[in-house]
Structures are given as structure tokens and as C-alpha cells.
file work16.txt (compact mmCIF, C-alpha atoms)
# COMPACT_ATOMS: atom_id res chain seq x y z
CA MET A 21 9.48 10.65 -24.84
CA LEU A 22 11.52 7.46 -24.44
CA GLN A 23 13.59 9.11 -21.72
CA ILE A 24 10.48 10.18 -19.81
CA ALA A 25 9.13 6.61 -19.89
CA PHE A 26 12.55 5.29 -18.83
CA PHE A 27 12.74 7.55 -15.79
CA ALA A 28 9.08 6.88 -14.96
CA PHE A 29 9.81 3.15 -14.80
CA ILE A 30 12.92 3.83 -12.68
CA ALA A 31 10.71 5.82 -10.30
CA LEU A 32 8.15 2.98 -10.24
CA THR A 33 10.86 0.46 -9.35
CA LEU A 34 12.45 2.54 -6.62
CA ILE A 35 9.12 3.63 -5.11
CA GLY A 36 8.00 0.01 -4.98
CA ALA A 37 11.24 -1.07 -3.30
CA LEU A 38 11.12 1.83 -0.81
CA THR A 39 7.52 0.96 0.06
CA VAL A 40 8.64 -2.59 0.86
CA LEU A 41 11.20 -1.05 3.21
CA LEU A 42 8.95 1.55 4.84
CA THR A 43 5.55 -0.08 5.29
CA ARG A 44 4.76 -2.16 8.34
CA ASN A 45 1.95 -4.12 6.72
CA VAL A 46 3.22 -7.39 5.21
CA LEU A 47 0.46 -7.51 2.59
CA TYR A 48 1.21 -3.94 1.46
CA SER A 49 4.87 -4.82 1.05
CA ALA A 50 3.90 -7.83 -1.10
CA TYR A 51 1.91 -5.54 -3.41
CA ALA A 52 4.75 -2.97 -3.44
CA LEU A 53 7.09 -5.80 -4.42
CA LEU A 54 4.75 -6.42 -7.38
CA LEU A 55 5.29 -2.78 -8.47
CA ALA A 56 9.06 -3.09 -8.14
CA LEU A 57 9.19 -6.36 -10.12
CA LEU A 58 7.04 -4.92 -12.92
CA GLY A 59 9.30 -1.85 -13.06
CA VAL A 60 12.38 -4.09 -13.35
CA ALA A 61 10.66 -5.98 -16.20
CA ALA A 62 10.11 -2.66 -18.01
CA LEU A 63 13.77 -1.71 -17.46
CA PHE A 64 14.75 -5.05 -19.02
CA VAL A 65 12.82 -3.99 -22.14
CA PHE A 66 14.75 -0.70 -22.21
CA ALA A 67 18.03 -2.64 -21.95
CA GLY A 68 17.08 -4.72 -24.99
CA ALA A 69 16.24 -7.93 -23.14
CA ASP A 70 12.73 -8.69 -24.32
CA PHE A 71 12.77 -12.42 -23.53
CA LEU A 72 14.01 -11.73 -20.01
CA ALA A 73 11.27 -9.15 -19.46
CA VAL A 74 8.60 -11.71 -20.32
CA SER A 75 10.34 -14.33 -18.16
CA GLN A 76 10.51 -11.83 -15.30
CA ILE A 77 6.76 -11.24 -15.48
CA ILE A 78 5.97 -14.96 -15.75
CA ILE A 79 8.42 -16.24 -13.12
CA TYR A 80 8.43 -13.43 -10.56
CA VAL A 81 4.99 -11.86 -10.84
CA GLY A 82 3.20 -15.07 -11.78
CA GLY A 83 5.16 -17.50 -9.64
CA VAL A 84 7.25 -16.07 -6.83
CA LEU A 85 4.84 -13.29 -5.87
CA VAL A 86 1.88 -15.70 -5.69
CA LEU A 87 4.02 -17.96 -3.49
CA VAL A 88 4.90 -15.00 -1.26
CA LEU A 89 1.22 -14.03 -0.98
CA PHE A 90 0.39 -17.62 -0.01
CA GLY A 91 3.16 -17.44 2.60
CA VAL A 92 1.72 -14.21 4.01
CA MET A 93 -1.81 -15.65 4.19
CA LEU A 94 -0.76 -18.99 5.69
CA THR A 95 1.36 -17.42 8.43
CA SER A 96 -1.05 -14.67 9.47
CA LYS A 97 -1.95 -14.76 13.14
CA PRO A 98 -5.55 -15.24 14.17
CA ALA A 99 -6.82 -12.59 16.58
CA THR A 100 -6.47 -14.18 19.98
CA THR A 101 -6.98 -13.14 23.57
CA ASP A 102 -5.59 -16.34 24.98
CA THR A 103 -3.12 -15.57 27.77
CA SER A 104 -1.59 -19.03 27.85
CA THR A 105 0.23 -18.67 24.58
CA THR A 106 3.97 -19.10 24.64
CA VAL A 107 4.75 -16.58 21.93
CA ALA A 108 5.83 -13.30 23.46
CA SER A 109 4.25 -10.92 20.96
CA GLU A 110 0.86 -12.66 21.21
CA ARG A 111 0.66 -12.29 24.98
CA PRO A 112 -1.07 -9.17 26.25
CA ASN A 113 1.15 -6.89 28.33
CA ALA A 114 4.25 -8.70 27.09
CA VAL A 115 7.41 -6.70 27.56
CA LEU A 116 9.61 -6.87 24.51
CA THR A 117 13.07 -5.43 24.80
CA GLU A 118 13.92 -2.81 22.24
CA SER A 119 17.31 -4.21 21.39
CA ARG A 120 17.11 -3.80 17.63
CA ARG A 121 18.27 -0.53 16.19
CA SER A 122 16.75 -0.51 12.74
CA TRP A 123 18.50 2.73 11.75
CA LEU A 124 21.78 0.81 11.84
CA GLY A 125 20.60 -1.40 8.99
CA VAL A 126 19.43 1.61 6.98
CA LEU A 127 22.77 3.32 7.69
CA LEU A 128 24.61 0.21 6.45
CA ALA A 129 22.54 0.18 3.25
CA GLY A 130 23.09 3.91 2.74
CA CYS A 131 26.84 3.54 3.14
CA LEU A 132 26.78 0.65 0.65
CA PHE A 133 24.85 2.78 -1.84
CA LEU A 134 27.22 5.72 -1.40
CA GLY A 135 30.25 3.49 -1.91
CA LEU A 136 28.74 1.82 -4.98
CA SER A 137 27.72 5.12 -6.54
CA ARG A 138 31.18 6.62 -5.97
CA LEU A 139 32.67 3.54 -7.59
CA LEU A 140 30.27 3.71 -10.54
CA SER A 141 30.72 7.43 -11.13
CA SER A 142 34.50 7.12 -11.17
CA ALA A 143 34.58 3.96 -13.29
CA HIS A 144 34.79 3.85 -17.06
CA PHE A 145 33.63 0.55 -18.51
CA THR A 146 35.36 -0.29 -21.78
CA LEU A 147 32.46 -2.60 -22.63
CA PHE A 148 30.26 0.49 -23.03
CA ASP A 149 32.45 1.59 -25.98
CA GLN A 150 31.59 -1.56 -27.90
CA PRO A 151 28.93 -1.47 -30.63
CA MET A 152 25.48 -2.21 -29.32
CA SER A 153 23.06 -4.89 -30.36
CA THR A 154 20.95 -4.08 -33.41
CA ALA A 155 19.00 -7.35 -33.47
CA PRO A 156 15.25 -6.82 -33.14
CA THR A 157 14.91 -9.69 -30.66
CA THR A 158 17.19 -11.72 -28.40
CA ILE A 159 15.11 -14.90 -28.38
CA ASP A 160 17.00 -16.71 -31.17
CA THR A 161 20.41 -15.91 -29.66
CA ILE A 162 19.30 -17.09 -26.21
CA GLY A 163 17.84 -20.25 -27.73
CA LYS A 164 21.07 -21.01 -29.59
CA GLN A 165 23.15 -20.31 -26.49
CA LEU A 166 20.98 -22.57 -24.31
CA MET A 167 21.30 -25.43 -26.79
CA THR A 168 25.05 -25.07 -27.42
CA GLU A 169 27.24 -23.21 -24.93
CA TYR A 170 25.01 -23.52 -21.87
CA LEU A 171 23.57 -26.98 -22.52
CA VAL A 172 25.05 -28.59 -19.38
CA PRO A 173 23.90 -25.79 -16.98
CA PHE A 174 20.48 -25.90 -18.67
CA GLU A 175 20.12 -29.62 -17.95
CA VAL A 176 21.53 -29.28 -14.42
CA ILE A 177 19.08 -26.51 -13.59
CA SER A 178 16.17 -28.69 -14.70
CA ILE A 179 17.32 -31.29 -12.15
CA LEU A 180 17.61 -28.49 -9.57
CA LEU A 181 14.04 -27.36 -10.25
CA LEU A 182 12.75 -30.93 -9.89
CA VAL A 183 14.63 -31.38 -6.60
CA ALA A 184 13.36 -28.02 -5.29
CA LEU A 185 9.77 -28.95 -6.24
CA VAL A 186 9.91 -32.33 -4.50
CA GLY A 187 11.76 -30.87 -1.51
CA ALA A 188 9.34 -27.99 -1.05
CA GLY A 189 6.39 -30.37 -1.24
CA TYR A 190 7.98 -32.66 1.33
CA LEU A 191 8.91 -29.80 3.67
CA ALA A 192 5.47 -28.21 3.61
CA LYS A 193 3.79 -31.53 4.45
CA ARG A 194 2.23 -31.88 7.89
CA ASN A 195 3.96 -34.13 10.47
CA VAL A 196 7.32 -34.42 8.79
CA MET B 29 19.86 2.99 -25.44
CA ASN B 30 23.05 5.01 -25.17
CA PRO B 31 25.86 4.36 -22.65
CA SER B 32 24.75 7.10 -20.26
CA LEU B 33 21.40 5.37 -19.84
CA SER B 34 23.23 2.09 -19.20
CA THR B 35 25.16 3.84 -16.43
CA THR B 36 21.85 5.09 -15.05
CA LEU B 37 20.68 1.48 -15.02
CA LEU B 38 23.75 0.54 -12.96
CA PHE B 39 22.92 3.28 -10.42
CA VAL B 40 19.31 2.03 -10.20
CA ALA B 41 20.62 -1.49 -9.61
CA ALA B 42 22.90 -0.20 -6.83
CA ALA B 43 19.96 1.58 -5.19
CA LEU B 44 17.75 -1.50 -5.50
CA PHE B 45 20.46 -3.70 -3.96
CA SER B 46 20.91 -1.28 -1.03
CA ILE B 47 17.16 -1.14 -0.41
CA GLY B 48 17.01 -4.94 -0.51
CA LEU B 49 19.87 -5.14 1.98
CA ALA B 50 18.09 -2.67 4.28
CA VAL B 51 14.90 -4.76 4.09
CA VAL B 52 16.81 -7.95 4.92
CA VAL B 53 18.62 -6.36 7.87
CA THR B 54 15.80 -4.35 9.47
CA LYS B 55 12.61 -6.37 8.95
CA ARG B 56 11.50 -8.99 11.45
CA HIS B 57 8.89 -10.91 9.46
CA ALA B 58 10.48 -13.87 7.65
CA VAL B 59 8.41 -13.41 4.48
CA VAL B 60 9.47 -9.76 4.21
CA VAL B 61 13.12 -10.80 4.58
CA LEU B 62 12.51 -13.14 1.63
CA MET B 63 11.11 -10.19 -0.34
CA GLY B 64 14.33 -8.25 0.37
CA ILE B 65 16.36 -11.16 -1.00
CA GLU B 66 14.22 -11.10 -4.16
CA LEU B 67 14.91 -7.36 -4.54
CA MET B 68 18.65 -8.04 -4.31
CA PHE B 69 18.37 -10.77 -6.96
CA ASN B 70 16.59 -8.29 -9.23
CA ALA B 71 19.33 -5.70 -8.75
CA VAL B 72 21.95 -8.25 -9.78
CA ASN B 73 19.88 -9.22 -12.84
CA LEU B 74 19.61 -5.56 -13.81
CA ASN B 75 23.41 -5.24 -13.73
CA LEU B 76 23.89 -8.38 -15.83
CA VAL B 77 21.34 -7.24 -18.41
CA ALA B 78 22.80 -3.72 -18.61
CA PHE B 79 26.22 -5.11 -19.53
CA SER B 80 24.86 -7.88 -21.75
CA GLN B 81 23.51 -5.32 -24.22
CA TYR B 82 27.06 -4.73 -25.48
CA ASP B 83 27.64 -8.45 -26.07
CA PRO B 84 25.02 -9.16 -28.76
CA SER B 85 26.65 -12.25 -30.26
CA ARG B 86 26.82 -14.33 -27.07
CA LEU B 87 24.45 -12.61 -24.61
CA GLN B 88 26.21 -14.21 -21.65
CA GLY B 89 24.68 -11.78 -19.15
CA GLN B 90 21.12 -12.45 -20.23
CA VAL B 91 21.57 -16.24 -20.15
CA PHE B 92 23.16 -15.99 -16.71
CA SER B 93 20.37 -13.80 -15.36
CA LEU B 94 17.87 -16.35 -16.72
CA PHE B 95 19.62 -18.95 -14.56
CA VAL B 96 19.56 -16.53 -11.60
CA MET B 97 15.79 -16.15 -12.01
CA ILE B 98 15.24 -19.92 -12.05
CA VAL B 99 17.39 -20.45 -8.96
CA ALA B 100 15.54 -17.59 -7.24
CA ALA B 101 12.20 -19.26 -7.97
CA ALA B 102 13.43 -22.59 -6.56
CA GLU B 103 14.84 -20.77 -3.51
CA ALA B 104 11.54 -18.97 -2.90
CA ALA B 105 9.59 -22.24 -3.03
CA VAL B 106 11.88 -24.00 -0.53
CA ALA B 107 12.10 -20.96 1.75
CA LEU B 108 8.33 -20.56 1.93
CA ALA B 109 7.91 -24.26 2.72
CA LEU B 110 10.42 -23.80 5.56
CA ILE B 111 8.63 -20.66 6.80
CA ILE B 112 5.27 -22.47 6.85
CA GLN B 113 6.82 -25.35 8.80
CA VAL B 114 8.42 -22.91 11.27
CA TYR B 115 5.04 -21.21 11.71
CA ARG B 116 3.36 -24.55 12.46
CA HIS B 117 5.99 -25.34 15.06
CA PHE B 118 6.46 -22.01 16.86
CA ARG B 119 3.16 -20.25 15.91
CA THR B 120 5.15 -17.20 14.84
CA VAL B 121 7.40 -16.11 11.97
CA ASN B 122 8.87 -13.13 13.81
CA LEU B 123 12.60 -13.70 13.51
CA ASP B 124 13.28 -12.06 16.91
CA GLU B 125 11.21 -14.69 18.71
CA LEU B 126 12.70 -17.74 17.04
CA THR B 127 15.40 -18.39 19.60
CA ASN B 128 15.21 -22.14 20.09
CA LEU B 129 16.61 -24.82 17.87
CA LYS B 130 14.18 -27.29 19.44
CA GLN B 131 11.07 -26.57 21.45
call {"tool": "encode", "arguments": {"input": "work16.txt", "output": "C-alpha cells"}}
result
Amino acid sequence: MLQIAFFAFIALTLIGALTVLLTRNVLYSAYALLLALLGVAALFVFAGADFLAVSQIIIYVGGVLVLVLFGVMLTSKPATTDTSTTVASERPNAVLTESRRSWLGVLLAGCLFLGLSRLLSSAHFTLFDQPMSTAPTTIDTIGKQLMTEYLVPFEVISILLLVALVGAGYLAKRNV
Amino acid sequence: MNPSLSTTLLFVAAALFSIGLAVVVTKRHAVVVLMGIELMFNAVNLNLVAFSQYDPSRLQGQVFSLFVMIVAAAEAAVALALIIQVYRHFRTVNLDELTNLKQ
């Protein structure tokens, strides 16, 4: 039963990611990205990372995906018949050269996947022989780690978030 | 979860990373390229979490992937602000048509 759910969530993740790759509609790919991110959150639960699964849902689905949807809406083109526009794809009868070969990118990704899977199938990780975690939750360990071993990165990343917030607000302002 | 399922998780992460790379290389819309980068971040997080399960006393992988998530969120915010500014300036976000540094 657990295995069936595990492989179902793997299928959800990969189908979502493949839909991002295959669809031509930007809004559809945003919703397919939602599926993929939720599937990754479920896989985190299977790998014993409950706190990260909740963070994934809050940060990615609640934050990044809403930002991406705003980006899609704010950059959508209004339907125009104006011939004086300077953008090539908006002009009627514009001739766009077909210089991009998209199968090359897919071929590159396929070769990368083949190489990685050959590497993974021939590798034997000694870490996987170690005893596994039996703790019911990881929240207390992560909390202790953030307050002791990773205290400096934790503080630095709060500064980074503040800088990114101010910078994004400044960049998105009109008439910079 | 037994080690064979952890290995399965590594294969899923490899597939997710390859799909993300294909999205980044082939798509022309800037927001979709950003989505591909997010997919690649998620693949890396999946790898870190899969290994972190065997390190229950320190959980270095999970803490590191928490940091990766936060940096990804900051990166998405700045990148979308840039994309909106580029759209205001050039009236397009098609990466093939953005050929000028200044217009």
C-alpha cells in the first residue's frame, strides 16, 4: 500500500514536470508546476522529512507559485492589431527565423539523464548501509541545528531575505 | 523507507533535474525558464533529503535544503521583478527577441 502511494506520487511529480516541458500555454505550465511541487512535498514525507514537506508547501506552493502566477498575468500581451509595434512576434506577417532547434535541448537533457542513471545504478553508497532515523519527527533536531551549528548561516540568510525583499520592491517600481 | 526506495528517489531526482534542464534550454518565455530553474532546485533538494535520512543525529541535508528553499524564494522574487521591468521596457518577455542591451 505504501509502495503504491510512493510510486503514485513519483508519477504525479514526473507528469507535472513533463507537462511544464510539453505544454505551450504558460498558465498551464504554472499549474503543472503546482502538481510537481506538491508531488515533491509528498516525496519529502516518504523520505522522513516532515518539516521540509510543510516548508515546501508553504514556501513553494504558497509563495513562489503565486509570484510566478503574478508574473504570468503581468506580462501577458494584450490582443493587438497595431502594425506599428516594434516587437517582432506582435507584428502581423512577421517573419521569424527558425534558428532554434528545441530537440537539441531535449537531447542534451536525455543524455544527462542517461549518464546520471548509469552512474546511480553502478554506484553503491555506503551511507545507505547506516542505520536509519527512528525519530517520529525531525522538527526538534532541525531546531537544535539551526540554533547551534547553523546559527551564522541562519542569521546571514535572514539578511539575504531582507535584501531580496527590498531589492525586488525597488526593481519592480515604475520609472527606476 | 528501505535503501532501494532511497535509490528510486535519487533516480526521480535525476529525471526531475533533466526535465528542468530541458525546460530551461528549450523554452522561450522568461517565466517558464524560471519554472525550469525551480524544478532543478527541487531535484537537488530531493537528493539532499534522500541522503539526510541516514544522518538522523545532525540532519545536515535537510538543514541545507531548507537554506536552498529560502534562497530559491529570494531568487524567484528578484527574477520576477526583473522580468516585469524587462516587459515594461521591451513589451515582450520572449527571450529570443531581447537582443538589445539598451533600446
call {"tool": "residues_around", "arguments": {"input": "work16.txt", "residues": "range 123-129 of chain A", "least_positions_apart": "2", "cutoff": "6 Å", "atoms": "all atoms listed in the file", "output": "list in words"}}
result
Arg121, Cys131 and Leu132 of chain A; Ser46, Ala50, Val53 and Thr54 of chain B
call {"tool": "atom_distance", "arguments": {"input": "work16.txt", "atom1": "CA of Leu55 in chain A", "atom2": "CA of Leu94 in chain A"}}
result
22.4 Å
call {"tool": "residues_around", "arguments": {"input": "work16.txt", "residues": "range 89-96 of chain B", "least_positions_apart": "2", "cutoff": "8 Å", "atoms": "only C-alpha atoms", "output": "ChimeraX atom specification"}}
result
/A:69,72,75,162,165-166,177 /B:69,73,76-77,79-80,87,98-100
call {"tool": "residues_around", "arguments": {"input": "work16.txt", "residues": "Gly64 in chain B", "least_positions_apart": "3", "cutoff": "9 Å", "atoms": "all atoms listed in the file", "output": "PyMOL selection string"}}
result
(chain A and resi 37+40-41) or (chain B and resi 45+47-53+55+59-61+67-69)
call {"tool": "atom_distance", "arguments": {"input": "work16.txt", "atom1": "CA of Ile112 in chain B", "atom2": "CA of Leu129 in chain B"}}
result
16.0 Å
call {"tool": "residues_around", "arguments": {"input": "work16.txt", "residues": "Gly91 in chain A", "least_positions_apart": "5", "cutoff": "10 Å", "atoms": "only C-alpha atoms", "output": "VMD selection string"}}
result
(chain A and resid 85 to 86 96) or (chain B and resid 58 to 59 105 107 to 109 111 to 112)
call {"tool": "residues_near_point", "arguments": {"input": "work16.txt", "point": "(13.9, -0.4, -13.8)", "cutoff": "6 Å", "atoms": "only C-alpha atoms", "output": "list in words"}}
result
Phe29, Ile30, Thr33, Gly59, Val60 and Leu63 of chain A
call {"tool": "atom_distance", "arguments": {"input": "work16.txt", "atom1": "CA of Thr168 in chain A", "atom2": "CA of Tyr80 in chain A"}}
result
26.4 Å
call {"tool": "closest_residue", "arguments": {"input": "work16.txt", "among": "A:Phe133, A:Tyr51, A:Phe27, A:Phe145", "to": "chain B", "atoms": "only C-alpha atoms"}}
result
A:Phe133
call {"tool": "residues_around", "arguments": {"input": "work16.txt", "residues": "Ala101 in chain B", "least_positions_apart": "5", "cutoff": "8 Å", "atoms": "only C-alpha atoms", "output": "PyMOL selection string"}}
result
chain A and resi 79-80+83-84
call {"tool": "write_last_selection", "arguments": {"input": "work16.txt", "atoms": "C-alpha atoms", "output": "PDB file, in the coordinates of the input"}}
result
ATOM      1  CA  ILE A  79       8.420 -16.240 -13.120  1.00  0.00           C
ATOM      2  CA  TYR A  80       8.430 -13.430 -10.560  1.00  0.00           C
ATOM      3  CA  GLY A  83       5.160 -17.500  -9.640  1.00  0.00           C
ATOM      4  CA  VAL A  84       7.250 -16.070  -6.830  1.00  0.00           C
TER       5      VAL A  84
END
call {"tool": "closest_residue", "arguments": {"input": "work16.txt", "among": "B:Leu123, B:Leu62, B:Met97, B:Leu33", "to": "Leu181 in chain A", "atoms": "all atoms listed in the file"}}
result
B:Met97
call {"tool": "closest_residue", "arguments": {"input": "work16.txt", "among": "A:Ile179, A:Leu87, A:Met21, A:Leu54", "to": "chain B", "atoms": "all atoms listed in the file"}}
result
A:Leu87
call {"tool": "closest_residue", "arguments": {"input": "work16.txt", "among": "B:Ala41, B:His57, B:Ala71, B:Ala102", "to": "Asn45 in chain A", "atoms": "only C-alpha atoms"}}
result
B:His57
call {"tool": "build_atoms", "arguments": {"input": "work16.txt", "residues": "range 29-40 of chain B", "atoms": "all heavy atoms", "output": "compact mmCIF listing (two decimals), in the frame of the given file"}}
result
# COMPACT_ATOMS: atom_id res chain seq x y z
N MET B 29 19.55 2.26 -26.67
CA MET B 29 19.86 2.99 -25.44
C MET B 29 21.33 3.35 -25.44
O MET B 29 22.17 2.53 -25.75
CB MET B 29 19.52 2.11 -24.24
CG MET B 29 19.30 2.92 -23.00
SD MET B 29 18.48 1.96 -21.74
CE MET B 29 19.78 0.89 -21.22
N ASN B 30 21.65 4.59 -25.11
CA ASN B 30 23.05 5.01 -25.17
C ASN B 30 23.77 4.69 -23.86
O ASN B 30 23.14 4.34 -22.86
CB ASN B 30 23.13 6.51 -25.50
CG ASN B 30 22.33 7.35 -24.55
OD1 ASN B 30 22.23 6.99 -23.39
ND2 ASN B 30 21.76 8.42 -25.01
N PRO B 31 25.11 4.77 -23.85
CA PRO B 31 25.86 4.36 -22.65
C PRO B 31 25.50 5.11 -21.39
O PRO B 31 25.59 4.55 -20.30
CB PRO B 31 27.32 4.62 -23.07
CG PRO B 31 27.31 4.44 -24.52
CD PRO B 31 26.00 4.98 -25.00
N SER B 32 25.07 6.39 -21.49
CA SER B 32 24.75 7.10 -20.26
C SER B 32 23.51 6.49 -19.59
O SER B 32 23.42 6.42 -18.37
CB SER B 32 24.51 8.57 -20.55
OG SER B 32 23.30 8.74 -21.24
N LEU B 33 22.57 6.01 -20.43
CA LEU B 33 21.40 5.37 -19.84
C LEU B 33 21.77 4.02 -19.23
O LEU B 33 21.19 3.61 -18.22
CB LEU B 33 20.30 5.19 -20.88
CG LEU B 33 19.57 6.47 -21.29
CD1 LEU B 33 18.38 6.14 -22.14
CD2 LEU B 33 19.13 7.25 -20.08
N SER B 34 22.76 3.34 -19.82
CA SER B 34 23.23 2.09 -19.20
C SER B 34 23.85 2.37 -17.84
O SER B 34 23.63 1.62 -16.88
CB SER B 34 24.25 1.41 -20.10
OG SER B 34 23.65 1.01 -21.30
N THR B 35 24.60 3.48 -17.74
CA THR B 35 25.16 3.84 -16.43
C THR B 35 24.06 4.16 -15.44
O THR B 35 24.15 3.79 -14.26
CB THR B 35 26.11 5.04 -16.60
OG1 THR B 35 26.93 4.80 -17.72
CG2 THR B 35 26.96 5.22 -15.38
N THR B 36 22.99 4.84 -15.92
CA THR B 36 21.85 5.09 -15.05
C THR B 36 21.26 3.80 -14.52
O THR B 36 20.90 3.69 -13.34
CB THR B 36 20.76 5.86 -15.82
OG1 THR B 36 21.37 6.91 -16.53
CG2 THR B 36 19.71 6.38 -14.90
N LEU B 37 21.21 2.79 -15.41
CA LEU B 37 20.68 1.48 -15.02
C LEU B 37 21.54 0.87 -13.92
O LEU B 37 21.02 0.25 -12.97
CB LEU B 37 20.65 0.57 -16.24
CG LEU B 37 19.46 -0.35 -16.43
CD1 LEU B 37 18.19 0.43 -16.32
CD2 LEU B 37 19.56 -1.02 -17.77
N LEU B 38 22.87 1.08 -14.01
CA LEU B 38 23.75 0.54 -12.96
C LEU B 38 23.48 1.24 -11.63
O LEU B 38 23.47 0.60 -10.57
CB LEU B 38 25.21 0.71 -13.36
CG LEU B 38 25.68 -0.03 -14.59
CD1 LEU B 38 27.17 0.11 -14.75
CD2 LEU B 38 25.32 -1.48 -14.50
N PHE B 39 23.23 2.57 -11.67
CA PHE B 39 22.92 3.28 -10.42
C PHE B 39 21.60 2.78 -9.83
O PHE B 39 21.48 2.61 -8.61
CB PHE B 39 22.84 4.79 -10.67
CG PHE B 39 24.17 5.46 -10.68
CD1 PHE B 39 24.76 5.85 -11.86
CD2 PHE B 39 24.84 5.70 -9.50
CE1 PHE B 39 25.99 6.46 -11.88
CE2 PHE B 39 26.07 6.31 -9.50
CZ PHE B 39 26.66 6.68 -10.69
N VAL B 40 20.60 2.55 -10.69
CA VAL B 40 19.31 2.03 -10.20
C VAL B 40 19.51 0.67 -9.55
O VAL B 40 18.95 0.38 -8.48
CB VAL B 40 18.29 1.95 -11.36
CG1 VAL B 40 17.02 1.27 -10.90
CG2 VAL B 40 17.98 3.30 -11.87
